[in-house]
>>> print(open('protein.txt').read())   # compact mmCIF, C-alpha atoms
# COMPACT_ATOMS: atom_id res chain seq x y z
CA MET A 1 65.28 10.87 144.39
CA GLU A 2 62.27 13.21 144.47
CA GLN A 3 61.22 14.44 147.89
CA THR A 4 57.75 13.35 148.95
CA ASP A 5 57.16 16.34 151.25
CA LEU A 6 57.50 19.88 150.00
CA ASP A 7 59.64 22.06 152.25
CA THR A 8 58.34 25.40 151.03
CA ALA A 9 60.79 27.37 153.15
CA VAL A 10 63.80 25.69 151.54
CA LEU A 11 62.29 26.03 148.09
CA ASP A 12 61.49 29.70 148.59
CA GLU A 13 65.08 30.25 149.73
CA ARG A 14 66.26 28.93 146.37
CA LEU A 15 63.82 31.08 144.46
CA ALA A 16 64.78 34.13 146.49
CA ALA A 17 68.46 33.39 145.83
CA ALA A 18 67.73 33.26 142.10
CA LYS A 19 65.94 36.59 142.36
CA GLN A 20 68.87 38.14 144.20
CA ALA A 21 71.34 36.73 141.67
CA SER A 22 69.28 38.20 138.82
CA TYR A 23 70.15 41.70 140.04
CA ARG A 24 73.87 40.96 139.68
CA LEU A 25 73.37 39.39 136.26
CA ALA A 26 71.38 42.39 135.06
CA ARG A 27 74.50 44.56 135.44
CA ALA A 28 77.02 41.94 134.33
CA THR A 29 79.14 42.99 131.38
CA THR A 30 79.11 41.11 128.11
CA ALA A 31 82.70 40.03 128.83
CA GLU A 32 81.70 38.56 132.18
CA LYS A 33 78.78 36.64 130.72
CA ASP A 34 80.82 35.36 127.78
CA ALA A 35 83.57 34.22 130.14
CA ALA A 36 81.01 32.17 132.06
CA LEU A 37 79.73 30.60 128.87
CA GLU A 38 83.25 29.75 127.75
CA GLN A 39 83.73 27.95 131.05
CA VAL A 40 80.47 26.06 130.49
CA SER A 41 81.69 24.87 127.09
CA THR A 42 85.06 23.84 128.48
CA LEU A 43 83.58 21.96 131.43
CA LEU A 44 81.11 20.14 129.21
CA ARG A 45 84.05 18.77 127.23
CA THR A 46 86.21 17.88 130.23
CA ARG A 47 83.31 16.21 132.05
CA THR A 48 81.82 14.40 129.08
CA ALA A 49 82.50 10.99 130.59
CA ASP A 50 80.65 11.93 133.79
CA ILE A 51 77.72 13.32 131.79
CA VAL A 52 77.43 10.25 129.58
CA ALA A 53 77.70 7.89 132.56
CA ALA A 54 74.94 9.74 134.41
CA ASN A 55 72.85 9.75 131.26
CA GLU A 56 73.23 6.00 130.86
CA ARG A 57 71.80 5.56 134.37
CA ASP A 58 68.82 7.68 133.37
CA LEU A 59 68.40 5.67 130.16
CA ASP A 60 68.50 2.38 132.08
CA ALA A 61 65.79 3.69 134.40
CA GLY A 62 63.78 4.95 131.44
CA ARG A 63 63.92 1.62 129.65
CA ALA A 64 62.92 -0.19 132.82
CA SER A 65 59.92 2.10 133.28
CA GLY A 66 58.80 1.73 129.67
CA LEU A 67 59.69 5.24 128.50
CA ALA A 68 58.61 5.70 124.87
CA ALA A 69 61.25 5.43 122.13
CA GLY A 70 60.85 9.09 121.18
CA LEU A 71 61.45 10.23 124.76
CA LEU A 72 64.43 7.90 125.09
CA ASP A 73 65.94 9.51 122.00
CA ARG A 74 65.44 12.99 123.45
CA LEU A 75 66.90 11.82 126.74
CA THR A 76 70.07 10.40 125.20
CA LEU A 77 73.38 12.29 125.51
CA ASP A 78 76.34 10.50 123.94
CA GLU A 79 79.79 12.00 123.33
CA ARG A 80 78.73 13.45 119.97
CA ARG A 81 75.68 15.17 121.40
CA VAL A 82 77.62 16.58 124.35
CA ALA A 83 80.21 17.97 121.93
CA SER A 84 77.41 19.50 119.86
CA ILE A 85 75.97 21.19 122.96
CA ALA A 86 79.41 22.53 123.87
CA ASP A 87 79.80 23.91 120.34
CA ALA A 88 76.38 25.57 120.56
CA VAL A 89 77.45 27.33 123.76
CA LEU A 90 80.38 28.85 121.89
CA GLU A 91 77.99 30.02 119.17
CA VAL A 92 75.96 31.86 121.82
CA ILE A 93 79.14 33.66 122.89
CA GLY A 94 79.42 34.97 119.34
CA LEU A 95 75.91 36.40 119.36
CA THR A 96 75.24 40.06 120.06
CA ASP A 97 74.36 40.79 123.68
CA PRO A 98 70.86 42.30 123.51
CA ILE A 99 70.98 43.98 126.92
CA GLY A 100 71.14 47.76 126.72
CA GLU A 101 70.19 47.89 123.04
CA THR A 102 68.20 51.02 122.25
CA LEU A 103 65.11 50.09 120.24
CA SER A 104 63.79 53.59 119.82
CA GLY A 105 64.45 57.06 121.18
CA ARG A 106 63.74 60.71 120.66
CA THR A 107 63.81 64.10 122.33
CA LEU A 108 60.38 65.47 123.14
CA PRO A 109 59.40 69.11 122.38
CA SER A 110 59.82 69.76 126.11
CA GLY A 111 63.49 68.78 125.88
CA VAL A 112 63.03 65.52 127.80
CA ARG A 113 64.93 62.61 126.21
CA ILE A 114 63.24 59.19 126.12
CA ASP A 115 64.77 55.87 125.04
CA GLN A 116 63.34 52.35 124.94
CA VAL A 117 66.06 49.83 125.84
CA ARG A 118 66.26 46.07 126.22
CA VAL A 119 66.50 44.67 129.77
CA PRO A 120 66.47 41.12 131.17
CA LEU A 121 63.18 39.48 132.09
CA GLY A 122 64.66 38.73 135.53
CA VAL A 123 64.08 35.15 136.69
CA VAL A 124 63.03 32.62 134.05
CA GLY A 125 61.43 29.37 135.16
CA ALA A 126 61.61 26.40 132.80
CA ILE A 127 59.67 23.13 133.05
CA TYR A 128 60.58 20.37 130.62
CA GLU A 129 60.88 16.60 130.46
CA ALA A 130 63.47 14.05 129.33
CA ARG A 131 65.55 16.69 127.51
CA PRO A 132 68.86 17.25 129.31
CA ASN A 133 70.18 19.35 126.41
CA VAL A 134 67.52 21.90 127.33
CA THR A 135 69.21 22.35 130.72
CA ILE A 136 72.22 23.85 128.98
CA ASP A 137 70.32 25.58 126.16
CA ILE A 138 68.01 27.51 128.46
CA ALA A 139 70.67 28.26 131.06
CA VAL A 140 73.23 29.71 128.65
CA LEU A 141 70.67 31.81 126.79
CA ALA A 142 69.30 33.06 130.10
CA LEU A 143 72.78 33.94 131.38
CA LYS A 144 73.82 35.67 128.17
CA SER A 145 70.65 37.79 128.32
CA GLY A 146 71.23 38.65 131.97
CA ASN A 147 68.58 36.39 133.50
CA ALA A 148 68.65 33.95 136.38
CA VAL A 149 66.96 30.62 135.73
CA VAL A 150 65.06 28.02 137.79
CA LEU A 151 64.91 24.59 136.16
CA ARG A 152 62.55 21.65 136.51
CA GLY A 153 63.95 18.99 134.20
CA GLY A 154 61.89 16.03 135.35
CA SER A 155 62.71 12.72 136.98
CA ALA A 156 63.60 10.98 133.69
CA ALA A 157 66.79 13.07 133.35
CA GLU A 158 67.50 13.47 137.06
CA GLN A 159 71.02 12.00 137.08
CA THR A 160 72.12 13.80 133.90
CA ASN A 161 70.74 17.15 134.97
CA ARG A 162 72.50 16.93 138.33
CA VAL A 163 75.86 16.78 136.54
CA LEU A 164 74.92 19.50 134.05
CA ILE A 165 73.81 21.87 136.80
CA SER A 166 77.10 21.31 138.61
CA VAL A 167 78.84 22.34 135.37
CA LEU A 168 76.81 25.54 135.28
CA HIS A 169 77.48 26.33 138.94
CA ASP A 170 81.22 25.74 138.61
CA ALA A 171 81.39 27.87 135.47
CA LEU A 172 79.70 30.81 137.19
CA ASP A 173 81.89 30.45 140.27
CA ALA A 174 85.02 30.41 138.11
CA VAL A 175 84.33 33.87 136.70
CA GLY A 176 82.94 35.50 139.84
CA LEU A 177 79.26 35.47 138.93
CA PRO A 178 76.73 34.04 141.42
CA ALA A 179 76.16 30.31 141.09
CA GLU A 180 72.72 30.96 142.61
CA ALA A 181 71.70 32.32 139.21
CA VAL A 182 71.01 28.70 138.21
CA GLN A 183 68.60 26.83 140.47
CA THR A 184 66.75 23.52 140.26
CA VAL A 185 63.57 22.25 141.87
CA ASP A 186 64.01 18.69 140.60
CA ASP A 187 64.58 17.28 144.08
CA PHE A 188 61.12 18.52 145.10
CA GLY A 189 59.39 16.54 142.35
CA ARG A 190 56.02 17.51 140.98
CA ALA A 191 55.14 19.46 144.10
CA GLY A 192 58.20 21.62 143.44
CA ALA A 193 57.08 22.19 139.87
CA ARG A 194 53.64 23.30 141.06
CA HIS A 195 55.22 25.65 143.59
CA LEU A 196 57.41 27.11 140.84
CA MET A 197 54.31 27.74 138.72
CA GLN A 198 52.74 29.75 141.56
CA ALA A 199 55.85 31.73 142.59
CA ARG A 200 54.89 35.17 141.30
CA ASP A 201 57.00 36.89 143.97
CA TYR A 202 60.18 35.32 142.62
CA VAL A 203 59.69 34.19 139.00
CA ASP A 204 58.98 36.63 136.18
CA VAL A 205 58.10 34.25 133.37
CA LEU A 206 57.63 30.50 132.96
CA ILE A 207 58.50 28.52 129.82
CA PRO A 208 57.30 24.91 129.47
CA ARG A 209 58.87 22.58 126.90
CA GLY A 210 57.52 19.13 126.29
CA SER A 211 54.37 17.24 125.45
CA ALA A 212 51.03 18.86 124.81
CA GLY A 213 49.87 17.44 128.15
CA LEU A 214 52.72 19.06 130.05
CA ILE A 215 52.17 22.43 128.39
CA ARG A 216 48.41 22.33 129.07
CA ALA A 217 49.07 21.48 132.71
CA VAL A 218 51.43 24.42 133.10
CA VAL A 219 49.06 26.84 131.37
CA ASP A 220 46.14 25.65 133.51
CA GLU A 221 47.97 25.70 136.86
CA ALA A 222 50.43 28.56 136.55
CA ARG A 223 50.00 31.96 138.16
CA VAL A 224 53.35 33.08 136.79
CA PRO A 225 53.03 34.45 133.21
CA VAL A 226 53.64 31.62 130.69
CA ILE A 227 55.22 31.66 127.24
CA GLU A 228 53.76 28.58 125.56
CA THR A 229 56.01 26.37 123.49
CA GLY A 230 53.82 23.99 121.60
CA ALA A 231 53.69 20.42 120.49
CA GLY A 232 54.30 19.96 116.80
CA VAL A 233 51.54 18.42 114.71
CA VAL A 234 53.47 19.50 111.63
CA HIS A 235 52.06 19.34 108.08
CA MET A 236 53.54 19.30 104.58
CA PHE A 237 51.35 19.81 101.50
CA LEU A 238 52.40 18.57 98.07
CA ASP A 239 50.38 20.53 95.53
CA GLU A 240 49.71 19.52 91.93
CA SER A 241 52.95 21.17 90.72
CA ALA A 242 55.32 19.72 93.35
CA PRO A 243 58.52 18.30 91.75
CA GLU A 244 58.83 14.58 92.44
CA GLN A 245 62.42 14.62 93.68
CA TRP A 246 61.75 17.54 96.00
CA ALA A 247 58.71 15.73 97.36
CA VAL A 248 60.66 12.53 98.01
CA ASP A 249 63.64 14.25 99.61
CA LEU A 250 61.79 16.84 101.69
CA VAL A 251 59.16 14.47 103.08
CA HIS A 252 61.84 11.93 103.98
CA ASN A 253 64.08 14.49 105.65
CA ALA A 254 61.23 16.08 107.59
CA LYS A 255 59.96 12.74 108.89
CA VAL A 256 63.02 10.52 109.23
CA GLN A 257 66.05 12.63 110.11
CA ARG A 258 64.98 12.86 113.76
CA PRO A 259 61.37 11.80 114.27
CA SER A 260 61.26 12.49 118.03
CA VAL A 261 61.55 16.28 117.80
CA CYS A 262 58.80 18.89 117.59
CA ASN A 263 59.62 20.06 114.03
CA ALA A 264 59.42 16.56 112.55
CA LEU A 265 56.69 15.96 109.97
CA GLU A 266 53.54 14.24 111.27
CA THR A 267 50.98 14.71 108.48
CA LEU A 268 51.47 14.65 104.71
CA LEU A 269 48.72 16.05 102.48
CA VAL A 270 48.82 15.52 98.71
CA HIS A 271 46.73 17.19 95.99
CA ARG A 272 44.55 14.66 94.17
CA ASP A 273 46.08 15.58 90.78
CA ALA A 274 49.57 14.76 92.07
CA ALA A 275 48.78 11.67 94.16
CA GLU A 276 49.42 8.97 91.57
CA ARG A 277 52.54 10.77 90.36
CA LEU A 278 54.11 11.46 93.77
CA LEU A 279 52.86 9.06 96.42
CA PRO A 280 54.43 5.80 95.18
CA SER A 281 57.99 7.14 95.30
CA VAL A 282 57.40 9.21 98.45
CA ILE A 283 55.97 6.27 100.39
CA ASP A 284 58.56 3.83 99.01
CA ARG A 285 61.31 6.06 100.43
CA LEU A 286 59.55 6.39 103.79
CA GLU A 287 58.87 2.68 104.14
CA ALA A 288 62.47 1.86 103.23
CA SER A 289 63.43 3.84 106.34
CA GLY A 290 60.97 2.00 108.57
CA VAL A 291 58.13 4.54 108.56
CA THR A 292 54.62 3.24 109.25
CA VAL A 293 52.04 4.97 107.05
CA HIS A 294 48.55 5.75 108.41
CA ALA A 295 46.47 6.65 105.36
CA ASP A 296 43.00 7.72 104.32
CA GLU A 297 40.87 5.66 101.95
CA ARG A 298 42.12 7.37 98.79
CA VAL A 299 45.75 6.78 99.71
CA ARG A 300 44.98 3.16 100.64
CA ALA A 301 43.52 2.68 97.17
CA LEU A 302 47.07 3.27 95.96
CA ARG A 303 48.81 1.59 98.96
CA PRO A 304 46.46 -1.08 100.39
CA GLU A 305 49.06 -2.17 102.95
CA ALA A 306 48.93 1.21 104.73
CA LEU A 307 47.12 1.35 108.06
CA PRO A 308 43.76 3.16 108.16
CA VAL A 309 44.18 6.67 109.53
CA THR A 310 41.98 7.78 112.43
CA ASP A 311 40.86 11.21 113.58
CA ASP A 312 43.18 10.78 116.56
CA ASP A 313 46.09 10.15 114.17
CA TRP A 314 45.50 13.49 112.45
CA ALA A 315 45.72 15.21 115.83
CA THR A 316 48.73 13.26 117.15
CA GLU A 317 52.34 14.31 117.48
CA HIS A 318 53.72 10.82 116.93
CA MET A 319 57.37 11.54 117.81
CA SER A 320 58.13 8.22 116.10
CA LEU A 321 58.46 6.68 112.65
CA ASP A 322 54.73 7.06 112.00
CA ILE A 323 53.10 9.46 109.55
CA SER A 324 49.51 10.29 108.63
CA VAL A 325 48.87 10.70 104.89
CA GLY A 326 45.83 12.03 103.09
CA ILE A 327 44.71 13.18 99.65
CA VAL A 328 42.89 16.51 99.34
CA ASP A 329 40.99 17.99 96.42
CA SER A 330 42.43 21.49 96.53
CA LEU A 331 44.67 23.99 98.29
CA ASP A 332 41.54 25.21 100.09
CA ASP A 333 40.98 21.71 101.49
CA ALA A 334 44.62 21.47 102.57
CA LEU A 335 44.36 24.82 104.34
CA ALA A 336 41.13 23.74 106.04
CA HIS A 337 42.73 20.51 107.27
CA ILE A 338 45.73 22.41 108.62
CA ARG A 339 43.49 24.94 110.37
CA ARG A 340 41.64 22.09 112.07
CA TYR A 341 44.60 20.04 113.27
CA SER A 342 47.61 22.35 113.35
CA THR A 343 49.31 23.16 116.66
CA LYS A 344 50.62 26.33 114.95
CA HIS A 345 54.23 25.18 115.04
CA THR A 346 55.54 24.64 111.48
CA GLU A 347 53.77 24.06 108.16
CA SER A 348 55.28 23.63 104.68
CA ILE A 349 54.12 23.55 101.06
CA ILE A 350 56.04 21.97 98.19
CA THR A 351 55.11 23.71 94.95
CA ASN A 352 56.21 25.33 91.71
CA ASP A 353 53.12 27.54 91.71
CA LEU A 354 53.94 31.04 92.97
CA GLY A 355 50.28 31.83 93.64
CA ASN A 356 49.84 28.72 95.78
CA ALA A 357 53.05 29.51 97.64
CA GLU A 358 51.94 33.04 98.49
CA ARG A 359 48.46 31.92 99.56
CA PHE A 360 49.98 29.28 101.84
CA LEU A 361 52.41 31.78 103.38
CA ASN A 362 49.67 34.35 103.93
CA GLU A 363 46.85 32.12 105.13
CA VAL A 364 48.54 29.51 107.32
CA ASP A 365 48.61 30.56 110.97
CA ALA A 366 51.79 29.09 112.43
CA ALA A 367 55.03 30.20 114.05
CA ALA A 368 56.97 29.10 110.94
CA VAL A 369 55.53 28.73 107.44
CA MET A 370 57.73 27.35 104.67
CA VAL A 371 57.86 26.94 100.91
CA ASN A 372 59.94 24.12 99.40
CA ALA A 373 61.88 23.44 102.59
CA SER A 374 62.01 20.73 105.22
CA THR A 375 60.18 21.49 108.45
CA ARG A 376 63.33 20.45 110.30
CA PHE A 377 64.69 23.98 109.73
CA THR A 378 62.47 25.41 112.48
CA ASP A 379 65.20 25.39 115.08
CA GLY A 380 67.13 28.01 117.02
CA ALA A 381 70.52 26.72 115.91
CA GLU A 382 69.45 26.58 112.25
CA PHE A 383 68.07 30.11 112.53
CA GLY A 384 71.43 31.32 113.82
CA PHE A 385 70.50 31.69 117.51
CA GLY A 386 73.16 29.23 118.73
CA ALA A 387 70.51 27.48 120.83
CA GLU A 388 66.89 28.02 121.70
CA VAL A 389 64.76 28.27 124.80
CA GLY A 390 61.87 26.72 122.91
CA ILE A 391 59.62 27.33 119.94
CA SER A 392 56.79 29.60 120.96
CA THR A 393 53.45 28.86 119.30
CA GLN A 394 51.61 31.77 120.90
CA LYS A 395 51.36 35.34 119.62
CA LEU A 396 52.23 37.55 122.58
CA HIS A 397 55.82 38.57 123.36
CA ALA A 398 57.54 35.90 121.28
CA ARG A 399 56.72 33.53 118.42
CA GLY A 400 58.81 30.81 116.82
CA PRO A 401 62.31 29.81 117.97
CA MET A 402 63.22 31.85 121.03
CA GLY A 403 66.77 33.15 121.27
CA LEU A 404 68.38 35.99 123.19
CA PRO A 405 66.06 38.89 122.24
CA GLU A 406 63.02 36.83 123.26
CA LEU A 407 64.44 36.57 126.80
CA THR A 408 64.33 40.33 127.22
CA SER A 409 61.74 42.95 127.98
CA THR A 410 62.08 46.70 127.58
CA LYS A 411 61.94 49.74 129.77
CA TRP A 412 61.76 53.42 129.02
CA ILE A 413 64.69 55.58 130.12
CA VAL A 414 63.69 59.21 130.65
CA ARG A 415 66.36 61.93 131.06
CA GLY A 416 65.51 65.48 131.99
CA ALA A 417 67.09 68.57 133.47
CA GLY A 418 64.56 69.78 135.99
CA HIS A 419 61.69 69.40 133.57
CA VAL A 420 58.13 69.63 134.85
CA ARG A 421 55.02 68.82 132.89
CA ALA A 422 53.08 71.87 131.78
>>> encode(input="protein.txt", output="structure tokens")
Amino acid sequence: MEQTDLDTAVLDERLAAAKQASYRLARATTAEKDAALEQVSTLLRTRTADIVAANERDLDAGRASGLAAGLLDRLTLDERRVASIADAVLEVIGLTDPIGETLSGRTLPSGVRIDQVRVPLGVVGAIYEARPNVTIDIAVLALKSGNAVVLRGGSAAEQTNRVLISVLHDALDAVGLPAEAVQTVDDFGRAGARHLMQARDYVDVLIPRGSAGLIRAVVDEARVPVIETGAGVVHMFLDESAPEQWAVDLVHNAKVQRPSVCNALETLLVHRDAAERLLPSVIDRLEASGVTVHADERVRALRPEALPVTDDDWATEHMSLDISVGIVDSLDDALAHIRRYSTKHTESIITNDLGNAERFLNEVDAAAVMVNASTRFTDGAEFGFGAEVGISTQKLHARGPMGLPELTSTKWIVRGAGHVRA
């Protein structure tokens, strides 16, 4: 259970231990780090029953407390999902270790040699909610990139995360790396999370993953530098040339495959000249899968049974089988709507018009912009990262799915032979 009183001395000991462990990880070899990750994958498989049992206790508590269906889906770890996480860990092993990579270098006229090389960030703090898979995703990417990590996974996944963190500790111990490289502040509750956000002496960067409310709270309260990962009010625009079968398949996949995730479609915009041709079959397919349509007046003229859309609907990340649908007069109107409501996560256009495609790619301001593809592709695993720390929607340091390189900084290495500046 969460502690009601914050013992700052104990918490600072954990953070200091993570900082100390980060120095060892910074000089760990690729072989050492990969061996730890292989142990993580193995232990996930051998302890699947314990993980699933702990997860079921969290799910029971979540149902009893009225946790939303989308959050319950994110919280769930069954045998298949645990196996998928274990497979993703092995994929991270196969990725190139970024540490020590030389990004640029040259010899100056003075004879001094300078090189810019990748180095770990140091200690990465992560605050997230009801997503136990993130415990493993963030930890293994942090370890592979030479970083220690401090986790706040939230009370909804408390039982599951306890087992997962024991897996991480045992894996590090097994290969001789410090188990202190993975820390948690879950037992300190929200007060622990706030302390983590203020811990500039120990934590180098903070990454929140979760609802828009959680991310805003972290950005507002943190004194540690924050990499924002955003909520996904994700749009798809069907222009006047969009092929009907593409429209049906892509809208359905983007909305229905897994509606609780941040790259799921939330708003569908359709050009007025394509509405009568495309909307009947698109909406039929959605409704057959249980999707509730929230529509503007022009869409409701075609589908009177649709619910009226509100301004709040346009701005909402539903994380459920709900979608907002509107008809626009032009590409300009679609772009204006996206600019107003987008959270700058993922936006997609379905078109056979090359000019429209290029305008959309050039003018939409988002971490991922797509042509004729489902928004569900915005994902670290799909992009070949093995896993992801999150999907950054800001513009400094990292943007889009964050893998190993995004968990590094750089430093300049200068080599001389008694050189002095003239």
>>> residues_around(input="protein.txt", residues="range 99-114 of chain A", least_positions_apart="4", cutoff="7 Å", atoms="all atoms listed in the file", output="list in words")
Arg118, Val119, Pro120, Ser145, Trp412, Ile413, Val414, Arg415 and Gly416 of chain A
>>> closest_residue(input="protein.txt", among="A:Ala295, A:Leu269, A:Ala387, A:Val52", to="Asp332 in chain A", atoms="all atoms listed in the file")
A:Leu269
>>> axis_aligned_box(input="protein.txt", around="range 217-220 of chain A", padding_each_side="8 Å", output="lines of an AutoDock Vina configuration file")
center_x = 48.8
center_y = 24.2
center_z = 132.4
size_x = 21.3
size_y = 21.4
size_z = 18.1
>>> atom_distance(input="protein.txt", atom1="CA of Glu13 in chain A", atom2="CA of Leu25 in chain A")
18.3 Å
>>> residues_around(input="protein.txt", residues="Ile323 in chain A", least_positions_apart="3", cutoff="9 Å", atoms="all atoms listed in the file", output="list in words")
Lys255, Leu265, Glu266, Thr267, Leu268, Val291, Thr292, Val293, His294, Ala295, Asp313, His318 and Ser320 of chain A
>>> closest_residue(input="protein.txt", among="A:Val282, A:Ile207, A:Ala126, A:Ala366", to="Pro243 in chain A", atoms="all atoms listed in the file")
A:Val282
>>> closest_atom_pairs(input="protein.txt", of="range 97-154 of chain A", to="range 160-182 of chain A", cutoff="8 Å", atoms="only C-alpha atoms", output="Markdown table")
| residue | atom | partner | partner_atom | distance |
| --- | --- | --- | --- | --- |
| A:Pro132 | CA | A:Asn161 | CA | 6.0 |
| A:Thr135 | CA | A:Asn161 | CA | 6.9 |
| A:Ile136 | CA | A:Leu164 | CA | 7.2 |
| A:Ala139 | CA | A:Val182 | CA | 7.2 |
| A:Asn147 | CA | A:Ala181 | CA | 7.7 |
| A:Ala148 | CA | A:Ala181 | CA | 4.5 |
| A:Val149 | CA | A:Val182 | CA | 5.1 |
| A:Val150 | CA | A:Val182 | CA | 6.0 |
| A:Leu151 | CA | A:Val182 | CA | 7.6 |
| A:Gly153 | CA | A:Asn161 | CA | 7.1 |
>>> residues_around(input="protein.txt", residues="His397 in chain A", least_positions_apart="3", cutoff="9 Å", atoms="only C-alpha atoms", output="number ranges by chain")
A: 227, 394, 406, 409
>>> decode(input="protein.txt", residues="range 60-77 of chain A", atoms="N, CA, C and O atoms", output="compact mmCIF listing (two decimals), in the first residue's frame")
# COMPACT_ATOMS: atom_id res chain seq x y z
N ASP A 60 -8.76 -6.70 -10.41
CA ASP A 60 -9.90 -6.79 -9.48
C ASP A 60 -10.07 -5.47 -8.72
O ASP A 60 -11.20 -4.96 -8.58
N ALA A 61 -8.95 -4.91 -8.27
CA ALA A 61 -9.02 -3.63 -7.55
C ALA A 61 -9.47 -2.52 -8.48
O ALA A 61 -10.26 -1.64 -8.09
N GLY A 62 -9.00 -2.56 -9.73
CA GLY A 62 -9.40 -1.54 -10.69
C GLY A 62 -10.87 -1.60 -11.02
O GLY A 62 -11.54 -0.56 -11.11
N ARG A 63 -11.39 -2.79 -11.20
CA ARG A 63 -12.83 -2.93 -11.47
C ARG A 63 -13.64 -2.44 -10.29
O ARG A 63 -14.67 -1.76 -10.46
N ALA A 64 -13.20 -2.78 -9.10
CA ALA A 64 -13.93 -2.37 -7.90
C ALA A 64 -13.93 -0.86 -7.71
O ALA A 64 -14.90 -0.28 -7.18
N SER A 65 -12.87 -0.19 -8.18
CA SER A 65 -12.77 1.26 -8.02
C SER A 65 -13.35 2.01 -9.20
O SER A 65 -13.32 3.24 -9.24
N GLY A 66 -13.87 1.28 -10.20
CA GLY A 66 -14.48 1.92 -11.34
C GLY A 66 -13.51 2.42 -12.39
O GLY A 66 -13.81 3.37 -13.12
N LEU A 67 -12.34 1.78 -12.49
CA LEU A 67 -11.35 2.18 -13.48
C LEU A 67 -11.95 2.06 -14.89
O LEU A 67 -12.63 1.08 -15.20
N ALA A 68 -11.73 3.05 -15.72
CA ALA A 68 -12.31 3.08 -17.07
C ALA A 68 -11.85 1.89 -17.90
O ALA A 68 -10.76 1.34 -17.68
N ALA A 69 -12.68 1.50 -18.87
CA ALA A 69 -12.39 0.32 -19.69
C ALA A 69 -11.06 0.45 -20.42
O ALA A 69 -10.29 -0.51 -20.53
N GLY A 70 -10.77 1.66 -20.93
CA GLY A 70 -9.51 1.86 -21.63
C GLY A 70 -8.31 1.65 -20.73
O GLY A 70 -7.31 1.04 -21.12
N LEU A 71 -8.39 2.13 -19.48
CA LEU A 71 -7.29 1.94 -18.53
C LEU A 71 -7.19 0.48 -18.11
O LEU A 71 -6.09 -0.04 -17.89
N LEU A 72 -8.32 -0.20 -17.97
CA LEU A 72 -8.27 -1.62 -17.63
C LEU A 72 -7.57 -2.42 -18.73
O LEU A 72 -6.80 -3.34 -18.45
N ASP A 73 -7.82 -2.03 -20.00
CA ASP A 73 -7.15 -2.72 -21.09
C ASP A 73 -5.64 -2.49 -21.03
O ASP A 73 -4.85 -3.42 -21.21
N ARG A 74 -5.23 -1.26 -20.78
CA ARG A 74 -3.80 -0.97 -20.68
C ARG A 74 -3.18 -1.68 -19.49
O ARG A 74 -1.99 -2.03 -19.52
N LEU A 75 -3.95 -1.85 -18.45
CA LEU A 75 -3.44 -2.49 -17.23
C LEU A 75 -3.25 -3.99 -17.41
O LEU A 75 -2.38 -4.60 -16.76
N THR A 76 -4.01 -4.60 -18.30
CA THR A 76 -4.05 -6.06 -18.39
C THR A 76 -2.76 -6.66 -18.94
O THR A 76 -2.25 -6.25 -19.99
N LEU A 77 -2.23 -7.67 -18.23
CA LEU A 77 -1.13 -8.50 -18.71
C LEU A 77 -1.56 -9.96 -18.62
O LEU A 77 -1.64 -10.53 -17.54
